[in-house]
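Below is target_11.pdb, holding PDB, C-alpha atoms.
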ATOM      1  CA  MET N   1      27.552 -43.230  -4.722
ATOM      2  CA  GLU N   2      28.615 -39.627  -4.304
ATOM      3  CA  ILE N   3      25.683 -38.441  -6.413
ATOM      4  CA  LEU N   4      23.281 -40.291  -4.136
ATOM      5  CA  GLN N   5      24.766 -38.565  -1.104
ATOM      6  CA  VAL N   6      24.292 -35.160  -2.746
ATOM      7  CA  LEU N   7      20.693 -35.980  -3.647
ATOM      8  CA  LYS N   8      20.053 -37.216  -0.121
ATOM      9  CA  TYR N   9      21.380 -33.945   1.286
ATOM     10  CA  ILE N  10      19.261 -31.846  -1.111
ATOM     11  CA  PHE N  11      16.032 -33.714  -0.374
ATOM     12  CA  ARG N  12      16.649 -33.937   3.360
ATOM     13  CA  ASN N  13      16.756 -30.134   3.614
ATOM     14  CA  ASP N  14      13.829 -29.618   1.269
ATOM     15  CA  ARG N  15      10.538 -29.820   3.149
ATOM     16  CA  LEU N  16       7.135 -30.256   1.551
ATOM     17  CA  SER N  17       4.794 -27.396   2.381
ATOM     18  CA  PHE N  18       1.169 -27.069   1.357
ATOM     19  CA  THR N  19       0.830 -23.500   2.629
ATOM     20  CA  ASP N  20       3.772 -21.630   1.090
ATOM     21  CA  ASP N  21       1.730 -20.524  -1.930
ATOM     22  CA  LEU N  22      -1.329 -19.467   0.066
ATOM     23  CA  LEU N  23      -1.579 -15.736   0.486
ATOM     24  CA  CYS N  24      -4.222 -13.740   2.243
ATOM     25  CA  CYS N  25      -4.747 -10.216   3.358
ATOM     26  CA  GLU N  26      -6.517  -8.690   6.345
ATOM     27  CA  GLU N  27      -9.587  -8.119   4.203
ATOM     28  CA  GLU N  28      -9.956 -11.856   3.544
ATOM     29  CA  LEU N  29      -9.667 -12.578   7.255
ATOM     30  CA  SER N  30     -12.181  -9.941   8.303
ATOM     31  CA  VAL N  31     -15.585 -10.843   9.656
ATOM     32  CA  VAL N  32     -18.528  -9.209   7.948
ATOM     33  CA  ASP N  33     -20.986  -8.101  10.603
ATOM     34  CA  ILE N  34     -24.013  -8.184   8.316
ATOM     35  CA  PRO N  35     -26.671 -10.817   9.036
ATOM     36  CA  ARG N  36     -26.858 -13.555   6.414
ATOM     37  CA  GLU N  37     -30.570 -12.963   5.934
ATOM     38  CA  LYS N  38     -29.914  -9.291   5.073
ATOM     39  CA  VAL N  39     -27.266 -10.250   2.502
ATOM     40  CA  GLU N  40     -29.597 -12.827   0.924
ATOM     41  CA  GLU N  41     -32.466 -10.317   0.873
ATOM     42  CA  LEU N  42     -30.378  -7.641  -0.821
ATOM     43  CA  LEU N  43     -29.021 -10.105  -3.369
ATOM     44  CA  SER N  44     -32.438 -11.559  -4.194
ATOM     45  CA  THR N  45     -33.996  -8.113  -4.659
ATOM     46  CA  GLY N  46     -31.069  -6.884  -6.759
ATOM     47  CA  LYS N  47     -30.020  -4.141  -4.338
ATOM     48  CA  ILE N  48     -26.328  -4.580  -5.026
ATOM     49  CA  ASP N  49     -25.455  -0.933  -4.364
ATOM     50  CA  GLU N  50     -27.010  -1.092  -0.887
ATOM     51  CA  LEU N  51     -25.128  -4.326  -0.176
ATOM     52  CA  LYS N  52     -21.887  -2.698  -1.338
ATOM     53  CA  GLU N  53     -22.481   0.223   1.029
ATOM     54  CA  LEU N  54     -23.043  -2.187   3.932
ATOM     55  CA  LEU N  55     -19.854  -4.081   3.080
ATOM     56  CA  ASP N  56     -17.882  -0.836   2.771
ATOM     57  CA  SER N  57     -19.049   0.292   6.198
ATOM     58  CA  SER N  58     -18.256  -3.155   7.626
ATOM     59  CA  TRP N  59     -14.677  -3.006   6.273
ATOM     60  CA  GLU N  60     -13.941   0.531   7.484
ATOM     61  CA  GLY N  61     -12.223  -0.780  10.604
ATOM     62  CA  TRP N  62      -9.958  -2.987   8.474
ATOM     63  CA  GLY N  63      -8.235  -0.141   6.651
ATOM     64  CA  GLN N  64     -10.889   0.008   3.950
ATOM     65  CA  GLY N  65     -12.470   3.436   3.992
ATOM     66  CA  GLU N  66     -15.274   4.701   1.785
ATOM     67  CA  ASP N  67     -12.777   6.288  -0.604
ATOM     68  CA  ASN N  68     -10.698   3.088  -0.912
ATOM     69  CA  THR N  69     -12.413   0.563  -3.186
ATOM     70  CA  SER N  70      -9.610  -1.982  -3.582
ATOM     71  CA  HIS N  71     -11.850  -4.849  -2.431
ATOM     72  CA  GLY N  72     -14.296  -4.637  -5.310
TER      73      GLY N  72
END
Could you render the structure as structure tokens?
Amino acid sequence: MEILQVLKYIFRNDRLSFTDDLLCCEEELSVVDIPREKVEELLSTGKIDELKELLDSSWEGWGQGEDNTSHG
């Protein structure tokens, strides 16, 4: 019976959480201010470098400058 009481105490204080393992950074929460049509156009024409430049300039206000390429 004592073992059951210990288990009850352990499980009572242990809460189930679905968000403990989710991590994000400011970059993931940022809003890209590039129109969807422009992104699709650049992707379809293979202008990846131009798209990267647009994304870099969009992220400048989020601590991502032109010299910091940690986002890709």
Q) When distances are computed from only C-alpha atoms, which of N:Glu41, N:Ile34, N:Ile10, N:Glu2 shows the smallest separation from Leu54 (chain N)? A)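 Among the listed residues, N:Ile34 lies closest to Leu54 (chain N).
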Q.
So the first atom is CA of Leu7 (chain N) and the second is CA of Asp20 (chain N); what is the distance between them in Å, to one decimal place?
A.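 Here the two named atoms are 22.7 Å from each other.
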Please give the centre and size of the box around region 39-49 of chain N (axis-aligned, containing every atom listed in the file, 5 Å added per side), with values in Å to one decimal and written as AutoDock Vina command-line options.
--center_x -29.7 --center_y -6.9 --center_z -2.1 --size_x 18.5 --size_y 21.9 --size_z 19.3
(Q) Could you tell me how far CA of Leu29 (chain N) sits from CA of Arg15 (chain N), in Å to one decimal place? (A) 26.9 Å
Q: Give the answer as one residue: which of N:Val6, N:Val39, N:Leu22, N:Val32 has the shortest atom-to-atom distance to Ser57 (chain N), using only C-alpha atoms?
A: N:Val32
Q. So which residues get picked by the PyMOL selection byres ((chain N and resi 33) around 12) here, written as number ranges by chain?
A. N: 30-32, 34-39, 54-61
